[in-house]
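Enquirer: Input: one structure, supplied below.
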Amino acid sequence: MAEVRILKRRANAIRKDIIKMISEAGSGHPAGALGMADIFAVLYFSVLNHKPKRPDWLDRDRLVLSNGHICAVRYAAMAHRGYFPVKELKTFRKLGSRLQGHPSYLDMPSLESSSGSLGHGLSIAVGMALAAKLDNKNYKVYCVVSDGELNEGSSWEAVNAANKWALDNLIVIVDRNYIQISGRTEHVWPLDPLDKKFESYDWNVLEVDGHDIHKLLSVFERANKVKGKPVVIIANTVPGKGVPFMENDYEWHGKPPSKQEAEFALLELEKNG
Ligand SMILES: Cc1ncc(C[n+]2csc(CCOP(=O)(O)OP(=O)(O)O)c2C)c(N)n1
Ligand SMILES: [Mg+2]
């Protein structure tokens with residue numbers, strides 16, 4: 001399918017930019033960002049109903065990034081999609097830049113919310129989805145959260161609230177990469193069985209390989225058809241995906257590659273086009 005091929009290429013271009021941005025800044029979070037590149041390519045280039053040149057369009061779908069530390073992937077996807085010039089990615093994490101290391105909504109309203117302090121995004125998304133219902137609006141609210149972030153009890157209050165209001169316009173994507181800042185999730189603070197936990201709050205639970213573009217396209221299609229319940233897509237991802245020496249290693253949660261490591265990473269990504 002041509003669309004799948006194009007989206008794969010876009011995800012790889014996003015990954016290259018993530019490496020360049022974080023290495024040039026000398027700080028940042030490569031593992032989660034690389035792991036979510038396929039999903040952000042699919043969201044920005046296929047799923048979202050939005051107008052990059054009119055980010056304040058009232059009927060746009062909202063995308064809340066709750067685990068703000070992986071924002072390099074969002075900035076790269078947005079730049080490629082036309083929200084701002086790709087060359088602005090060079091300013092990532094620099095003083096005065098709109099592209100802060102943790103997203104600042106005040107600097108760039110199209111981010112929908114500021115984030116970085118974990119555990120808030122899901123509540124914000126629930127509020128947006130409820131507002132859409134009250135206003136009789138048809139837009140969807142997508143919310144990306146991470147697995148380590150679900151340690152925050154506030155996330156589960158939001159999950160419960162979404163059930164109360166039967167927010168079927170809310171689609172949550174969990175970056176299930178099994179790592180967090182200080183180790184493997186199941187070692188630091190076990191989460192499994194995550195599907196059963198969401199099911200116990202009467203959510204519609206879908207699970208997907210977060211790197212299979214074809215399956216991602218169909219899981220979003222299914223999620224959009226669910227009526228009467230909020231939806232969670234548990235996306236199984238490989239942290240550091242595409243850069244073999246970073247894959248599945250929690251040490252790369254928040255460490256920039258050296259210049260030499262970045263060159264090596266870019267060579268690896270080059271193999272994928
Ligand atoms: C409220 C809050 N507590 C602690 C932190 C510090 N922190 C930043 S990232 C992180 C790990 C979160 O796990 P996850 O998002 O799954 O990490 P990743 O998969 O991206 O490596 C922590 C504890 C924070 N940003 N906010
Ligand atoms: Mg994680």
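Chain labels follow the order of the structure tokens: the first chain is A, the next B, and so on; residue numbering restarts at 1 in every chain, and ligands are counted from 1 in their shown order.
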Give me the residues within 7 Å of Arg10 of chain A as an MDAnalysis selection string, counting only C-alpha atoms and dropping any in the same chain fewer than 4 places off.
Expert: chainID A and resid 6 14 41
Enquirer: Just want the 7 Å neighbourhood of segment 168-175 of chain A, counted on only C-alpha atoms, with same-chain residues fewer than 2 positions away dropped. Output as a PyMOL selection string.
Expert: chain A and resi 129+140-147+166+177+226-237
Enquirer: Please identify every residue of chain A that has at least one atom no farther than 10 Å from an atom of ligand 2, counting only C-alpha atoms and all ligand atoms, and for each give the shortest atom pair and the distance in Å to one decimal, arranged by chain then increasing number, as a tab-separated table.
Expert:
residue	atom	partner	partner_atom_place_in_ligand_line	distance
A:Ala31	CA	ligand 2	1 (Mg)	8.7
A:Gly32	CA	ligand 2	1 (Mg)	6.6
A:Gly35	CA	ligand 2	1 (Mg)	9.5
A:Asn67	CA	ligand 2	1 (Mg)	9.1
A:Val145	CA	ligand 2	1 (Mg)	9.0
A:Ser146	CA	ligand 2	1 (Mg)	5.2
A:Asp147	CA	ligand 2	1 (Mg)	4.7
A:Gly148	CA	ligand 2	1 (Mg)	4.9
A:Glu149	CA	ligand 2	1 (Mg)	7.5
A:Leu150	CA	ligand 2	1 (Mg)	9.3
A:Val174	CA	ligand 2	1 (Mg)	8.9
A:Asp175	CA	ligand 2	1 (Mg)	6.3
A:Arg176	CA	ligand 2	1 (Mg)	6.1
A:Asn177	CA	ligand 2	1 (Mg)	4.9
A:Tyr178	CA	ligand 2	1 (Mg)	5.3
A:Ile179	CA	ligand 2	1 (Mg)	4.2
A:Gln180	CA	ligand 2	1 (Mg)	4.5
A:Ile181	CA	ligand 2	1 (Mg)	7.8
A:Gly183	CA	ligand 2	1 (Mg)	9.3
A:Arg184	CA	ligand 2	1 (Mg)	8.2
A:Thr185	CA	ligand 2	1 (Mg)	7.1
A:Thr237	CA	ligand 2	1 (Mg)	9.1
A:Val238	CA	ligand 2	1 (Mg)	9.5
A:Pro239	CA	ligand 2	1 (Mg)	7.7
A:Tyr250	CA	ligand 2	1 (Mg)	8.6
A:His253	CA	ligand 2	1 (Mg)	8.3
Enquirer: For the residues selected in the previous step, produce a file with N, CA and C atoms as a short mmCIF file (atom, residue, chain, number, x, y, z; two decimals), in the first residue's frame.
Expert:
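Written out: again-v4.cif:
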data_model
loop_
_atom_site.label_atom_id
_atom_site.label_comp_id
_atom_site.auth_asym_id
_atom_site.auth_seq_id
_atom_site.Cartn_x
_atom_site.Cartn_y
_atom_site.Cartn_z
N ALA A 31 14.88 7.79 23.79
CA ALA A 31 14.28 6.45 23.73
C ALA A 31 12.78 6.51 23.44
N GLY A 32 12.05 7.25 24.27
CA GLY A 32 10.60 7.34 24.08
C GLY A 32 10.24 8.02 22.77
N GLY A 35 10.72 5.67 19.88
CA GLY A 35 9.73 4.59 19.95
C GLY A 35 8.35 5.03 19.47
N ASN A 67 3.07 12.84 28.29
CA ASN A 67 4.48 12.57 28.65
C ASN A 67 5.37 13.52 27.86
N VAL A 145 -0.08 9.04 26.50
CA VAL A 145 0.50 8.93 27.85
C VAL A 145 1.57 7.84 27.81
N SER A 146 2.45 7.85 28.81
CA SER A 146 3.49 6.81 28.84
C SER A 146 3.17 5.80 29.94
N ASP A 147 3.86 4.66 29.87
CA ASP A 147 3.59 3.63 30.88
C ASP A 147 4.11 4.05 32.25
N GLY A 148 5.33 4.60 32.31
CA GLY A 148 5.86 5.04 33.60
C GLY A 148 4.95 6.09 34.23
N GLU A 149 4.35 6.90 33.37
CA GLU A 149 3.48 7.97 33.85
C GLU A 149 2.23 7.44 34.54
N LEU A 150 1.81 6.23 34.16
CA LEU A 150 0.59 5.67 34.77
C LEU A 150 0.81 5.26 36.22
N VAL A 174 -1.36 4.58 24.91
CA VAL A 174 -0.32 4.35 25.92
C VAL A 174 0.96 3.90 25.22
N ASP A 175 2.04 4.63 25.47
CA ASP A 175 3.35 4.20 24.97
C ASP A 175 3.85 3.09 25.90
N ARG A 176 3.51 1.84 25.53
CA ARG A 176 3.87 0.71 26.39
C ARG A 176 5.25 0.21 25.97
N ASN A 177 6.28 0.87 26.48
CA ASN A 177 7.65 0.49 26.08
C ASN A 177 8.41 -0.20 27.21
N TYR A 178 7.75 -0.40 28.32
CA TYR A 178 8.31 -1.15 29.46
C TYR A 178 9.55 -0.53 30.08
N ILE A 179 9.83 0.75 29.77
CA ILE A 179 10.93 1.41 30.50
C ILE A 179 10.43 2.71 31.10
N GLN A 180 11.10 3.14 32.15
CA GLN A 180 10.90 4.47 32.68
C GLN A 180 12.26 5.01 33.10
N ILE A 181 12.27 6.12 33.86
CA ILE A 181 13.54 6.83 34.04
C ILE A 181 14.63 5.97 34.70
N GLY A 183 14.57 2.38 35.22
CA GLY A 183 14.59 0.94 35.02
C GLY A 183 13.41 0.44 34.22
N ARG A 184 13.20 -0.87 34.26
CA ARG A 184 12.06 -1.50 33.58
C ARG A 184 10.81 -1.23 34.41
N THR A 185 9.70 -0.97 33.72
CA THR A 185 8.47 -0.61 34.47
C THR A 185 8.07 -1.71 35.46
N THR A 237 5.62 -0.67 22.04
CA THR A 237 6.70 -0.01 21.29
C THR A 237 8.05 -0.45 21.83
N VAL A 238 9.07 -0.25 20.98
CA VAL A 238 10.45 -0.53 21.38
C VAL A 238 11.13 0.81 21.64
N PRO A 239 11.51 1.07 22.89
CA PRO A 239 12.20 2.34 23.14
C PRO A 239 13.51 2.38 22.35
N TYR A 250 16.98 1.30 29.08
CA TYR A 250 16.40 2.46 29.79
C TYR A 250 17.41 3.58 30.01
N HIS A 253 16.73 6.71 28.24
CA HIS A 253 15.49 7.47 28.54
C HIS A 253 15.73 8.98 28.38
#
Enquirer: Go through segment 30-261 of chain A and collect every residue that DSSP, computed from the backbone, puts in alpha helix (DSSP H); the answer should be as a PyMOL selection string.
Expert: chain A and resi 30-35+37-42+71-81+121-134+153-164+185-188+194-200+213-225+259-261
Enquirer: Write out as a PDB file with C-alpha atoms, in the first residue's frame which residues come within 8 Å of Ala76 of chain A when counting only C-alpha atoms, dropping same-chain ones fewer than 3 positions away.
Expert:
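Result saved to selection-v4.pdb:
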ATOM      1  CA  ILE A  14      11.178  12.050  12.000  1.00  0.00           C
ATOM      2  CA  ASP A  17      15.440  14.697  13.144  1.00  0.00           C
ATOM      3  CA  ILE A  18      15.019  13.431  16.712  1.00  0.00           C
ATOM      4  CA  ALA A  72      11.100  15.919  20.073  1.00  0.00           C
ATOM      5  CA  VAL A  73       8.926  13.424  18.179  1.00  0.00           C
ATOM      6  CA  ALA A  79       7.382  20.545  11.317  1.00  0.00           C
ATOM      7  CA  HIS A  80       7.184  17.897   8.576  1.00  0.00           C
ATOM      8  CA  VAL A  86      11.689  22.273   9.553  1.00  0.00           C
ATOM      9  CA  LEU A  89      13.915  22.177  14.794  1.00  0.00           C
TER      10      LEU A  89
END
Enquirer: Do a neighbour search on segment 213-219 of chain A at 9 Å with only C-alpha atoms, toss out local chain neighbours closer than 2 positions, and write the hits as a PyMOL selection string.
Expert: chain A and resi 1+3-5+7-8+38-39+42-43+46-47+206-211+221-224+233+235
Enquirer: Restricting the calculation to only C-alpha atoms and all ligand atoms: of A:Ile124, A:Met108, A:Met246, A:Ala262, which residue gets closest to ligand 1?
Expert: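 Among the listed residues, the smallest separation from ligand 1 belongs to A:Met246.
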Enquirer: Within segment 50-195 of chain A, find each residue whose DSSP state, derived from the backbone, is strand (DSSP E), and express the selection as a ChimeraX atom specification.
Expert: /A:62-65,141-146,170-176,179-180,183-184
Enquirer: When you look at Asp59 of chain A with a cut-off of 12 Å (counting only C-alpha atoms), what residues show up, excluding the ones that are within fewer than 4 positions of it in the same chain? I need them as a list in words.
Expert: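 Residues near the query, excluding close chain neighbours: Leu48, Asn49, His50, Lys51, Arg54, Pro55, Ala132, Asp135, Asn136, Lys137, Asn138, Tyr139, Lys140 and Val141 of chain A.
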Enquirer: Identify which of the residues A:Val243, A:Met128, A:Ala25, A:Met36 lies closest to Arg62 of chain A, counting only C-alpha atoms when measuring atom-to-atom distances.
Expert: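 Of A:Val243, A:Met128, A:Ala25, A:Met36, the one nearest Arg62 of chain A, counting only C-alpha atoms, is A:Met128.
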